[in-house]
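File shown: my_file.txt. Contents: compact mmCIF, C-alpha atoms and all ligand atoms.
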```txt
# COMPACT_ATOMS: atom_id res chain seq x y z
CA MET D 1 0.00 0.00 0.00
CA GLU D 2 1.32 3.41 -0.92
CA ILE D 3 0.01 6.94 -0.39
CA GLY D 4 1.11 9.62 -2.88
CA ILE D 5 1.38 13.31 -2.01
CA VAL D 6 0.66 15.58 -4.98
CA GLY D 7 0.03 19.22 -5.81
CA LYS D 8 1.52 22.20 -7.59
CA PRO D 9 4.94 23.51 -6.50
CA ASN D 10 5.49 25.24 -3.14
CA VAL D 11 2.18 24.35 -1.45
CA GLY D 12 3.79 22.35 1.37
CA LYS D 13 3.94 18.76 0.05
CA SER D 14 7.36 18.07 1.53
CA THR D 15 6.40 19.72 4.82
CA PHE D 16 3.35 17.45 5.00
CA PHE D 17 5.54 14.44 4.08
CA LYS D 18 8.17 15.30 6.69
CA ALA D 19 5.50 15.85 9.35
CA LEU D 20 4.15 12.36 8.63
CA THR D 21 7.45 10.52 8.38
CA LEU D 22 10.14 12.68 10.04
CA ALA D 23 12.26 11.52 7.10
CA GLU D 24 14.77 13.87 5.54
CA ALA D 25 13.12 16.09 2.93
CA GLU D 26 14.10 19.50 1.68
CA ILE D 27 11.63 22.30 2.37
CA ALA D 28 11.97 25.82 0.96
CA ASN D 29 9.83 28.77 -0.04
CA PHE D 30 10.33 28.50 -3.81
CA PRO D 31 8.95 26.23 -6.53
CA PHE D 32 10.52 22.89 -7.53
CA THR D 33 12.46 22.37 -4.32
CA THR D 34 11.71 18.66 -4.63
CA ILE D 35 13.00 17.06 -7.82
CA LYS D 36 13.70 13.50 -6.82
CA ALA D 37 10.75 11.90 -5.01
CA ASN D 38 11.00 11.45 -1.23
CA ILE D 39 9.93 8.05 0.04
CA GLY D 40 9.23 7.40 3.72
CA VAL D 41 7.10 5.61 6.25
CA GLY D 42 4.12 7.22 7.96
CA HIS D 43 1.86 5.54 10.51
CA ALA D 44 -1.89 5.05 10.50
CA ARG D 45 -3.35 5.36 14.01
CA LYS D 46 -5.93 3.02 15.58
CA GLU D 47 -6.80 2.08 19.14
CA CYS D 48 -4.46 -0.81 20.08
CA ALA D 49 -5.86 -4.25 20.91
CA CYS D 50 -3.93 -4.00 24.19
CA LYS D 51 -6.59 -1.59 25.43
CA SER D 52 -9.65 -3.82 25.22
CA LEU D 53 -7.62 -6.86 26.33
CA SER D 54 -6.12 -4.90 29.26
CA VAL D 55 -2.60 -6.17 28.61
CA GLU D 56 0.76 -4.44 28.19
CA CYS D 57 2.01 -4.98 24.62
CA ASN D 58 5.53 -5.26 23.16
CA PRO D 59 5.18 -3.98 19.60
CA ASN D 60 7.64 -5.10 16.99
CA ASN D 61 6.55 -4.13 13.45
CA SER D 62 4.57 -1.09 14.64
CA ILE D 63 4.47 1.38 17.55
CA CYS D 64 2.10 1.58 20.52
CA ARG D 65 1.73 4.83 22.40
CA GLU D 66 -0.83 5.40 25.12
CA ARG D 67 -2.78 2.42 23.82
CA ASN D 68 -2.82 3.64 20.23
CA ARG D 69 -1.22 1.43 17.61
CA PHE D 70 0.66 3.23 14.84
CA VAL D 71 0.91 0.91 11.83
CA PRO D 72 3.46 1.67 9.08
CA VAL D 73 2.33 2.88 5.65
CA LYS D 74 4.54 3.86 2.71
CA VAL D 75 4.30 7.52 1.70
CA ILE D 76 5.79 9.24 -1.36
CA ASP D 77 6.29 12.99 -1.94
CA VAL D 78 6.84 13.98 -5.56
CA ALA D 79 7.90 17.04 -7.55
CA GLY D 80 5.31 19.82 -7.97
CA LEU D 81 2.95 19.47 -10.92
CA VAL D 82 1.93 22.38 -13.15
CA PRO D 83 -0.83 22.56 -15.78
CA GLY D 84 0.34 20.58 -18.83
CA ALA D 85 2.53 18.23 -16.74
CA HIS D 86 1.12 15.25 -18.64
CA GLU D 87 2.67 16.73 -21.80
CA GLY D 88 5.99 17.37 -20.10
CA LYS D 89 5.44 20.94 -18.78
CA GLY D 90 7.24 21.98 -15.57
CA LEU D 91 9.29 19.04 -14.43
CA GLY D 92 7.14 16.99 -16.70
CA ASN D 93 5.79 13.65 -17.33
CA GLN D 94 8.40 11.43 -15.78
CA PHE D 95 7.48 12.79 -12.36
CA LEU D 96 3.93 11.61 -12.75
CA ASP D 97 5.39 8.16 -13.11
CA ASP D 98 6.56 8.33 -9.50
CA LEU D 99 2.85 8.03 -8.65
CA ARG D 100 2.21 4.78 -10.50
CA GLN D 101 2.21 2.66 -7.36
CA ALA D 102 0.02 4.98 -5.28
CA ASP D 103 -3.35 3.68 -4.03
CA VAL D 104 -4.62 7.05 -2.81
CA LEU D 105 -3.46 10.55 -3.68
CA ILE D 106 -3.33 13.30 -1.09
CA HIS D 107 -3.66 16.57 -2.98
CA ILE D 108 -2.11 19.48 -1.08
CA ILE D 109 -3.41 22.94 -1.92
CA ASP D 110 -2.35 26.26 -0.39
CA ILE D 111 -5.77 27.30 0.90
CA SER D 112 -4.50 30.78 1.83
CA GLY D 113 -4.17 31.70 -1.87
CA ARG D 114 -0.56 32.85 -1.43
CA THR D 115 0.90 30.57 -4.10
CA ASN D 116 0.17 31.16 -7.80
CA GLU D 117 -0.22 28.46 -10.48
CA LYS D 118 3.56 28.32 -11.00
CA GLY D 119 4.29 27.97 -7.29
CA GLU D 120 5.46 31.56 -6.78
CA SER D 121 4.43 33.71 -3.81
CA THR D 122 1.43 35.92 -4.46
CA GLU D 123 -1.78 37.06 -2.80
CA GLY D 124 -5.42 36.53 -3.60
CA TYR D 125 -4.97 33.46 -5.83
CA ASP D 126 -8.08 31.26 -5.89
CA PRO D 127 -7.07 27.74 -4.75
CA GLU D 128 -10.23 26.34 -6.37
CA ASN D 129 -8.31 26.46 -9.69
CA ASP D 130 -5.82 23.93 -8.32
CA ILE D 131 -8.48 21.44 -7.29
CA LYS D 132 -9.64 21.32 -10.91
CA PHE D 133 -6.32 21.40 -12.74
CA LEU D 134 -4.65 18.67 -10.73
CA GLU D 135 -7.46 16.20 -11.18
CA GLU D 136 -7.43 16.92 -14.91
CA GLU D 137 -3.68 16.39 -15.13
CA ILE D 138 -3.84 13.05 -13.36
CA ASP D 139 -6.75 11.94 -15.55
CA LEU D 140 -4.91 13.00 -18.72
CA TRP D 141 -1.82 11.12 -17.57
CA PHE D 142 -3.93 7.96 -17.22
CA TYR D 143 -5.49 8.62 -20.61
CA GLY D 144 -2.05 9.10 -22.22
CA ILE D 145 -0.81 5.74 -20.93
CA LEU D 146 -4.01 4.03 -22.02
CA LYS D 147 -3.99 5.60 -25.48
CA LYS D 148 -0.35 4.69 -26.05
CA ASN D 149 -1.03 1.04 -25.27
CA TRP D 150 -4.59 0.75 -26.57
CA LYS D 151 -3.89 -0.74 -30.01
CA LYS D 152 -1.65 -3.39 -28.55
CA ILE D 153 -4.14 -4.25 -25.79
CA TYR D 154 -7.09 -4.40 -28.16
CA ASN D 155 -5.32 -6.51 -30.78
CA LYS D 156 -3.91 -8.90 -28.22
CA ALA D 157 -7.33 -9.45 -26.68
CA LYS D 158 -8.90 -9.93 -30.10
CA HIS D 159 -6.34 -12.38 -31.47
CA ASN D 160 -6.07 -14.44 -28.32
CA HIS D 161 -9.87 -14.44 -27.83
CA LYS D 162 -9.14 -13.03 -24.41
CA ASP D 163 -11.43 -10.87 -22.37
CA LEU D 164 -10.56 -7.22 -22.94
CA ILE D 165 -10.95 -6.38 -19.24
CA ILE D 166 -8.41 -9.04 -18.26
CA GLU D 167 -5.96 -7.86 -20.91
CA LEU D 168 -6.42 -4.22 -19.83
CA ALA D 169 -5.85 -5.09 -16.18
CA GLU D 170 -2.69 -7.02 -17.06
CA GLN D 171 -1.27 -4.27 -19.24
CA LEU D 172 -2.12 -1.51 -16.75
CA SER D 173 -1.00 -3.40 -13.64
CA GLY D 174 1.96 -1.00 -13.36
CA LEU D 175 -0.57 1.69 -12.46
CA GLU D 176 -1.58 -0.44 -9.46
CA VAL D 177 -5.01 -1.21 -10.93
CA ASN D 178 -6.65 -4.63 -10.75
CA GLU D 179 -9.21 -6.50 -12.80
CA GLU D 180 -12.05 -5.58 -10.49
CA GLN D 181 -11.27 -1.86 -10.81
CA VAL D 182 -10.89 -2.07 -14.60
CA GLY D 183 -14.23 -3.91 -14.82
CA GLU D 184 -15.94 -1.33 -12.61
CA ALA D 185 -14.54 1.57 -14.67
CA ALA D 186 -15.66 -0.06 -17.94
CA LYS D 187 -19.13 -0.61 -16.55
CA LYS D 188 -19.33 2.97 -15.33
CA SER D 189 -18.40 4.12 -18.85
CA ASP D 190 -20.90 1.70 -20.47
CA LEU D 191 -18.03 -0.09 -22.21
CA THR D 192 -18.79 -3.70 -21.51
CA GLU D 193 -18.25 -4.98 -25.04
CA SER D 194 -14.88 -5.91 -26.44
CA THR D 195 -14.98 -3.45 -29.33
CA ASN D 196 -12.41 -0.92 -30.45
CA TRP D 197 -13.13 2.03 -28.17
CA SER D 198 -13.09 5.57 -29.56
CA ASP D 199 -10.80 8.29 -28.18
CA GLU D 200 -13.73 9.79 -26.31
CA GLN D 201 -14.62 6.46 -24.80
CA LEU D 202 -11.00 5.87 -23.81
CA GLN D 203 -10.88 9.25 -22.12
CA GLU D 204 -14.06 8.64 -20.16
CA PHE D 205 -12.81 5.21 -19.16
CA ALA D 206 -9.43 6.66 -18.08
CA THR D 207 -11.18 9.22 -15.85
CA ASN D 208 -13.37 6.58 -14.26
CA LEU D 209 -10.45 4.23 -13.74
CA ARG D 210 -8.40 7.00 -12.12
CA GLU D 211 -11.25 7.87 -9.78
CA ILE D 212 -11.64 4.25 -8.73
CA SER D 213 -7.97 3.30 -8.50
CA LYS D 214 -6.41 6.54 -7.25
CA PRO D 215 -9.02 8.51 -5.32
CA ILE D 216 -7.96 11.99 -4.21
CA ILE D 217 -8.18 13.56 -0.74
CA ILE D 218 -7.99 17.35 -0.87
CA VAL D 219 -5.90 18.95 1.85
CA ALA D 220 -6.41 22.64 2.63
CA ASN D 221 -2.85 23.29 3.83
CA LYS D 222 -1.50 26.54 5.31
CA ILE D 223 -4.83 26.92 7.10
CA ASP D 224 -2.96 29.17 9.57
CA LEU D 225 -2.65 31.82 6.84
CA ASP D 226 -6.16 31.50 5.42
CA HIS D 227 -8.73 34.28 5.44
CA GLY D 228 -12.01 32.81 4.25
CA ASN D 229 -11.09 30.48 1.37
CA PHE D 230 -11.64 27.37 3.47
CA ASP D 231 -15.12 28.45 4.57
CA ARG D 232 -16.02 29.38 1.01
CA LEU D 233 -14.73 26.20 -0.67
CA LYS D 234 -15.82 23.69 1.96
CA GLU D 235 -19.40 24.25 0.77
CA ASN D 236 -18.60 22.55 -2.54
CA TYR D 237 -15.63 20.29 -1.79
CA ASP D 238 -14.60 17.78 0.84
CA LEU D 239 -11.59 19.58 2.32
CA VAL D 240 -9.42 18.63 5.28
CA PRO D 241 -8.10 21.73 7.10
CA VAL D 242 -4.38 21.18 7.71
CA CYS D 243 -1.38 23.02 9.10
CA SER D 244 1.59 20.86 8.09
CA GLU D 245 4.02 23.35 9.56
CA ALA D 246 2.39 22.99 13.00
CA GLU D 247 2.44 19.19 12.84
CA LEU D 248 6.10 19.18 11.83
CA ALA D 249 6.95 21.58 14.67
CA LEU D 250 5.08 19.41 17.21
CA ARG D 251 6.64 16.16 16.05
CA GLN D 252 10.12 17.64 16.10
CA ALA D 253 9.50 19.16 19.55
CA GLU D 254 8.23 15.77 20.69
CA LYS D 255 11.33 14.05 19.37
CA ALA D 256 13.51 16.56 21.20
CA GLY D 257 11.63 15.89 24.45
CA VAL D 258 10.23 19.43 24.60
CA VAL D 259 6.56 18.43 24.45
CA SER D 260 4.52 15.29 24.84
CA TYR D 261 2.27 14.97 21.80
CA LEU D 262 0.54 12.11 20.08
CA PRO D 263 0.05 12.68 16.32
CA GLY D 264 -3.62 13.38 15.71
CA ASP D 265 -4.31 14.70 19.23
CA LYS D 266 -5.99 17.99 19.95
CA GLU D 267 -3.52 18.99 22.66
CA PHE D 268 0.05 18.63 23.86
CA LYS D 269 1.96 19.23 27.09
CA ILE D 270 5.09 21.31 27.40
CA LEU D 271 7.68 19.26 29.32
CA LYS D 272 10.66 21.61 29.51
CA ASP D 273 11.45 25.28 29.93
CA VAL D 274 11.12 26.92 26.53
CA ASP D 275 12.26 30.36 25.42
CA GLU D 276 9.79 33.16 24.71
CA LYS D 277 9.81 32.58 20.93
CA GLN D 278 9.14 28.85 21.23
CA LYS D 279 6.45 29.50 23.81
CA LYS D 280 4.68 31.90 21.48
CA ALA D 281 4.87 29.44 18.57
CA LEU D 282 3.46 26.62 20.69
CA GLU D 283 0.68 28.86 22.03
CA PHE D 284 -0.20 29.82 18.47
CA ILE D 285 -0.50 26.16 17.49
CA GLN D 286 -2.63 25.38 20.53
CA ASN D 287 -5.03 28.32 20.18
CA ASN D 288 -5.19 28.92 16.44
CA ILE D 289 -4.92 25.39 15.07
CA LEU D 290 -5.67 22.64 17.59
CA LYS D 291 -8.49 24.41 19.46
CA LYS D 292 -10.02 25.70 16.25
CA TYR D 293 -9.80 22.60 14.02
CA GLY D 294 -9.48 19.75 16.54
CA SER D 295 -5.99 18.72 15.32
CA THR D 296 -3.34 19.78 12.80
CA GLY D 297 -5.13 17.53 10.28
CA VAL D 298 -2.04 15.61 9.11
CA GLN D 299 -2.77 12.33 10.94
CA ASN D 300 -6.42 12.69 9.92
CA CYS D 301 -5.49 12.57 6.25
CA LEU D 302 -3.46 9.38 6.52
CA ASN D 303 -6.17 7.72 8.61
CA THR D 304 -8.84 8.75 6.10
CA ALA D 305 -6.74 7.27 3.27
CA VAL D 306 -6.05 3.98 5.03
CA PHE D 307 -9.25 3.31 6.95
CA ASP D 308 -12.03 5.21 5.14
CA ILE D 309 -10.90 5.01 1.51
CA LEU D 310 -8.79 1.86 1.37
CA LYS D 311 -11.00 0.25 4.03
CA GLN D 312 -8.23 -1.49 5.90
CA ILE D 313 -8.58 -3.31 9.22
CA VAL D 314 -5.84 -3.93 11.78
CA VAL D 315 -5.26 -7.55 12.76
CA TYR D 316 -2.77 -9.05 15.27
CA PRO D 317 -1.31 -12.52 14.59
CA VAL D 318 0.00 -14.31 17.72
CA GLU D 319 1.18 -17.80 18.65
CA ASN D 320 -0.20 -18.12 22.17
CA GLU D 321 -3.97 -17.64 22.18
CA ASN D 322 -4.23 -17.22 25.94
CA LYS D 323 -1.41 -14.76 26.50
CA PHE D 324 -1.59 -13.06 23.06
CA MET D 325 2.15 -13.63 22.64
CA ASP D 326 4.57 -14.71 19.95
CA ASN D 327 6.96 -17.58 20.74
CA LYS D 328 9.45 -15.16 22.32
CA GLY D 329 6.95 -13.90 24.85
CA ASN D 330 6.16 -10.59 23.12
CA VAL D 331 2.56 -9.53 23.63
CA LEU D 332 0.74 -8.40 20.45
CA PRO D 333 4.05 -7.92 18.62
CA ASP D 334 2.74 -7.34 15.11
CA ALA D 335 -0.19 -5.41 13.69
CA HIS D 336 -1.05 -5.95 10.02
CA LEU D 337 -3.23 -3.90 7.72
CA LEU D 338 -5.58 -6.00 5.58
CA PRO D 339 -8.54 -4.99 3.41
CA GLU D 340 -11.99 -5.40 4.95
CA GLY D 341 -13.37 -8.83 4.10
CA SER D 342 -9.97 -10.52 4.43
CA THR D 343 -9.98 -14.07 5.78
CA ALA D 344 -7.89 -16.02 8.28
CA LEU D 345 -6.03 -17.52 5.30
CA ASP D 346 -5.30 -14.05 3.89
CA LEU D 347 -3.71 -13.14 7.22
CA ALA D 348 -1.61 -16.32 7.14
CA TYR D 349 -0.27 -15.39 3.71
CA LYS D 350 0.37 -11.82 4.87
CA VAL D 351 2.52 -13.14 7.73
CA HIS D 352 4.48 -15.48 5.43
CA THR D 353 3.86 -17.46 2.23
CA ASP D 354 5.00 -20.56 4.04
CA ILE D 355 2.48 -20.03 6.86
CA GLY D 356 -0.24 -19.60 4.23
CA ASP D 357 0.77 -22.79 2.41
CA LYS D 358 0.78 -24.82 5.64
CA PHE D 359 -2.44 -23.29 7.08
CA ILE D 360 -4.80 -25.84 8.63
CA GLY D 361 -6.90 -23.62 10.89
CA ALA D 362 -6.93 -20.60 13.19
CA ILE D 363 -8.14 -19.49 16.60
CA ASP D 364 -9.92 -16.25 17.34
CA CYS D 365 -8.03 -15.42 20.53
CA LYS D 366 -10.74 -13.17 21.94
CA THR D 367 -13.45 -15.85 21.82
CA LYS D 368 -11.03 -18.85 21.83
CA MET D 369 -13.13 -20.28 19.00
CA LYS D 370 -11.58 -22.29 16.19
CA VAL D 371 -12.19 -20.73 12.79
CA ARG D 372 -11.73 -21.93 9.22
CA LYS D 373 -9.63 -20.48 6.44
CA ASP D 374 -12.54 -18.55 4.92
CA HIS D 375 -13.50 -16.96 8.24
CA GLN D 376 -13.79 -13.20 7.73
CA LEU D 377 -11.68 -11.13 10.08
CA ASN D 378 -12.86 -8.09 12.01
CA ASP D 379 -10.94 -4.98 12.90
CA CYS D 380 -8.75 -5.47 16.01
CA ASP D 381 -8.94 -9.30 15.83
CA VAL D 382 -6.17 -11.26 17.51
CA ILE D 383 -5.60 -14.51 15.63
CA LYS D 384 -3.49 -17.62 16.20
CA ILE D 385 -2.74 -19.46 12.98
CA ILE D 386 -2.36 -23.22 13.19
CA THR D 387 -0.07 -24.79 10.61
CA GLY D 388 0.55 -28.38 9.61
CA ARG D 389 3.67 -29.89 8.15
N1 LIG J 401 2.32 29.04 7.03
C1 LIG J 401 2.52 27.79 6.59
N2 LIG J 401 3.54 27.55 5.75
C2 LIG J 401 3.72 26.29 5.32
C3 LIG J 401 2.87 25.22 5.72
N3 LIG J 401 3.31 24.09 5.11
C4 LIG J 401 4.39 24.43 4.38
N4 LIG J 401 4.65 25.76 4.49
C5 LIG J 401 5.74 26.51 3.83
O1 LIG J 401 5.56 26.49 2.41
C6 LIG J 401 6.81 26.52 1.73
C7 LIG J 401 6.91 25.37 0.75
O2 LIG J 401 6.97 24.15 1.46
P1 LIG J 401 7.46 22.78 0.79
O3 LIG J 401 7.09 21.70 1.75
O4 LIG J 401 8.88 22.87 0.37
O5 LIG J 401 6.51 22.75 -0.49
P2 LIG J 401 6.44 21.67 -1.69
O6 LIG J 401 5.02 21.61 -2.11
O7 LIG J 401 7.12 20.41 -1.32
O8 LIG J 401 7.28 22.44 -2.82
P3 LIG J 401 8.03 21.84 -4.13
O9 LIG J 401 8.88 20.69 -3.70
O10 LIG J 401 8.83 23.00 -4.59
O11 LIG J 401 6.96 21.46 -5.07
C8 LIG J 401 7.88 26.45 2.83
O12 LIG J 401 8.33 27.77 3.09
C9 LIG J 401 7.12 25.91 4.03
O13 LIG J 401 7.67 26.28 5.28
C10 LIG J 401 1.78 25.52 6.62
O14 LIG J 401 1.00 24.66 7.03
N5 LIG J 401 1.66 26.82 7.00
MG MG J 402 8.73 19.45 -2.10
```

What is this structure when it is put down as structure tokens?
Ligand SMILES: Nc1nc2c(ncn2[C@@H]2O[C@H](COP(=O)(O)OP(=O)(O)OP(=O)(O)O)[C@@H](O)[C@H]2O)c(=O)[nH]1
Ligand SMILES: [Mg+2]
Amino acid sequence: MEIGIVGKPNVGKSTFFKALTLAEAEIANFPFTTIKANIGVGHARKECACKSLSVECNPNNSICRERNRFVPVKVIDVAGLVPGAHEGKGLGNQFLDDLRQADVLIHIIDISGRTNEKGESTEGYDPENDIKFLEEEIDLWFYGILKKNWKKIYNKAKHNHKDLIIELAEQLSGLEVNEEQVGEAAKKSDLTESTNWSDEQLQEFATNLREISKPIIIVANKIDLDHGNFDRLKENYDLVPVCSEAELALRQAEKAGVVSYLPGDKEFKILKDVDEKQKKALEFIQNNILKKYGSTGVQNCLNTAVFDILKQIVVYPVENENKFMDNKGNVLPDAHLLPEGSTALDLAYKVHTDIGDKFIGAIDCKTKMKVRKDHQLNDCDVIKIITGR
């Protein structure tokens, strides 16, 4: 699973990325600071199973803080996109390719209107323009790839008497789309028959496929500088109010032991003496961001992507069903993300191919009931997998 961060230059993509991952990423107040994509690990946040089970856990593949499990998710921050990017404008087409593997796109806009279409500082720019142009660019990029490969796909399907949907899904698998999504997009575009689609039909199909396979969350960043754009645009768009700069400051202060702060929380505690400037900055964050919007919004966005859009559940495989431990005595060591509807066997394969191959049954550790391979898992399940030889 991968989350892509997109938007025009200078809107705060790398700041948002760094706030999520604390990975190295260059941030500067001019366009095209990022050229080579930054790749890092963010964490989706969910109440830990240790809470309802009233045990102390020893996390291994994830982090538990104050009974919240933070499960790793890959995040990618790419170069800024400008209108015409799909034709090579700005830093061009190759940078769109960095987004091929993304399952959800987080579109960062500067809601304060202080960044123009080229990424330069300005005032009074209408960020609504960006919402439209970026979606169009991504759709046209999909269309371009589809159009380039269409003849080959169509002929191959025709000559091999193969279903066009299957052939399309195979040829477009690099865009992280699957057969189900291709089928759904074709149906939505009324293109169920294996005929040679027209350019218009291809374009409509590309748009539908993009919407299904790379849905976009719109982030109203730099909310601290906004005067009214958010209130105006939220009427027509689903916008998440975000202050990436505040989240980055809090996470760095947390790392330095200056504050105690859990990403996504609506408050923090100051732990050390801070100078007047730092105190003012922290007070600003508390009063003008956290109190007003409930959080900085950064954790919200990742959680929305993982849990609401990609519909993932968190499941804990263990080896001892009574003590919820692995064979080294670690309680609830691993937390895995799996799509809703996943089965006990899917979990086994997620843990290891070998465990999947040797699966003979499983135990739901909360109820102590034996379950079969097709048993559907629920969020926060703790599962012991039983393997044979
Ligand atoms: N006030 C305010 N400034 C922000 C916020 N987020 C980012 N910035 C500033 O916006 C400028 C651009 O930030 P970057 O993170 O480098 O932007 P980018 O979108 O990655 O830019 P490119 O890589 O050039 O496309 C920097 O000066 C940041 O400090 C925010 O939430 N509030
Ligand atoms: Mg950047």

Contacts of ligand MG 402 (chain J), 7 Å or closer, only C-alpha atoms and all ligand atoms, given as a PyMOL selection string: chain D and resi 10+12-14+26-27+32-34+77-80

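If you look at CA of Glu276 (chain D) and atom C5 of ligand LIG 401 (chain J), they are 22.3 Å away from each other.
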
Selection as a PyMOL selection string: residues within 12 Å of (-5.8, -6.5, -32.1), counting all atoms listed in the file: chain D and resi 149-162+164+167+194-197

Region 169-177 of chain D environment, 6 Å, only C-alpha atoms, sequence neighbours closer than 2 positions dropped, as number ranges by chain: D: 100-101, 166-167, 179, 213

Residues within 9 Å of Glu24 (chain D), all atoms listed in the file, excluding chain neighbours under 3 positions, as a VMD selection string: chain D and resid 18 21 38 40

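The coordinates place CA of Ala44 (chain D) at 24.5 Å from CA of Glu319 (chain D).
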
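Residue neighbourhood of Trp141 (chain D), excluding near-sequence residues (fewer than 4 positions): Gly84, Ala85, His86, Glu87, Asn93, Leu96, Asp97, Glu135, Glu136, Glu137, Ile145, Leu146, Lys147, Ala206, Thr207 and Arg210 of chain D, at 10 Å, using all atoms listed in the file.
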
d(CA of His375 (chain D), CA of Val315 (chain D)) in Å: 13.3 Å

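Within 6 Å of Pro333 (chain D), once only C-alpha atoms are used and residues closer than 4 positions along the same chain are dropped, the contacting residues are Asn58, Pro59 and Asn60 of chain D.
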
Spatial neighbours of Gln181 (chain D), max dist 7 Å, only C-alpha atoms, sep filter under 3 positions, as a list in words: Val177, Asn178, Glu184, Ala185, Leu209, Ile212 and Ser213 of chain D

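Distances to ligand LIG 401 (chain J) were evaluated for D:Lys323, D:Lys222, D:Arg69, D:His43 using all atoms listed in the file, and the minimum falls at D:Lys222.
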
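Of the residues under consideration (D:Tyr237, D:Phe284, D:Tyr261, D:Phe142), D:Phe284 shows the shortest atom-to-atom contact distance to ligand LIG 401 (chain J) when counting only C-alpha atoms and all ligand atoms.
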
Exercise: residues within 7 Å of coordinate (1.6, 24.9, 4.0), counting only C-alpha atoms, as a ChimeraX atom specification: /D:11-12,110,221-222,243-245

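Using only C-alpha atoms, the smallest distance between any of D:Lys269, D:Ile386, D:Ala344, D:Asp130 and Arg372 (chain D) comes from D:Ala344.
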
Pick from D:Asp346, D:Arg389, D:Asp326, D:Asp357 nearest to Asp374 (chain D), counting all atoms listed in the file: D:Asp346

Could region 1-5 of chain D be written out with all heavy atoms, as a tab-separated table (two decimals), in the first residue's frame, please?
```tsv
chain	number	residue	atom	x	y	z
D	1	MET	N	0.84	-1.19	0.00
D	1	MET	CA	0.00	0.00	0.00
D	1	MET	C	0.88	1.25	0.00
D	1	MET	O	1.86	1.31	0.72
D	1	MET	CB	-0.87	-0.01	1.25
D	1	MET	CG	-1.95	1.01	1.20
D	1	MET	SD	-3.11	0.86	2.54
D	1	MET	CE	-2.16	0.22	3.86
D	2	GLU	N	0.50	2.19	-0.83
D	2	GLU	CA	1.32	3.41	-0.92
D	2	GLU	C	0.42	4.64	-1.05
D	2	GLU	O	-0.57	4.62	-1.77
D	2	GLU	CB	2.23	3.28	-2.14
D	2	GLU	CG	3.24	4.38	-2.26
D	2	GLU	CD	4.22	4.14	-3.41
D	2	GLU	OE1	4.81	3.04	-3.48
D	2	GLU	OE2	4.36	5.03	-4.24
D	3	ILE	N	0.78	5.69	-0.33
D	3	ILE	CA	0.01	6.94	-0.39
D	3	ILE	C	0.88	7.99	-1.08
D	3	ILE	O	2.01	8.24	-0.66
D	3	ILE	CB	-0.34	7.43	1.04
D	3	ILE	CG1	-0.91	6.29	1.92
D	3	ILE	CG2	-1.28	8.63	0.99
D	3	ILE	CD1	-2.23	5.73	1.50
D	4	GLY	N	0.35	8.61	-2.14
D	4	GLY	CA	1.11	9.62	-2.88
D	4	GLY	C	0.69	11.03	-2.49
D	4	GLY	O	-0.50	11.31	-2.35
D	5	ILE	N	1.67	11.90	-2.32
D	5	ILE	CA	1.38	13.31	-2.01
D	5	ILE	C	1.61	14.13	-3.27
D	5	ILE	O	2.69	14.11	-3.84
D	5	ILE	CB	2.29	13.81	-0.87
D	5	ILE	CG1	2.10	12.93	0.37
D	5	ILE	CG2	2.01	15.28	-0.55
D	5	ILE	CD1	3.08	13.23	1.48
```
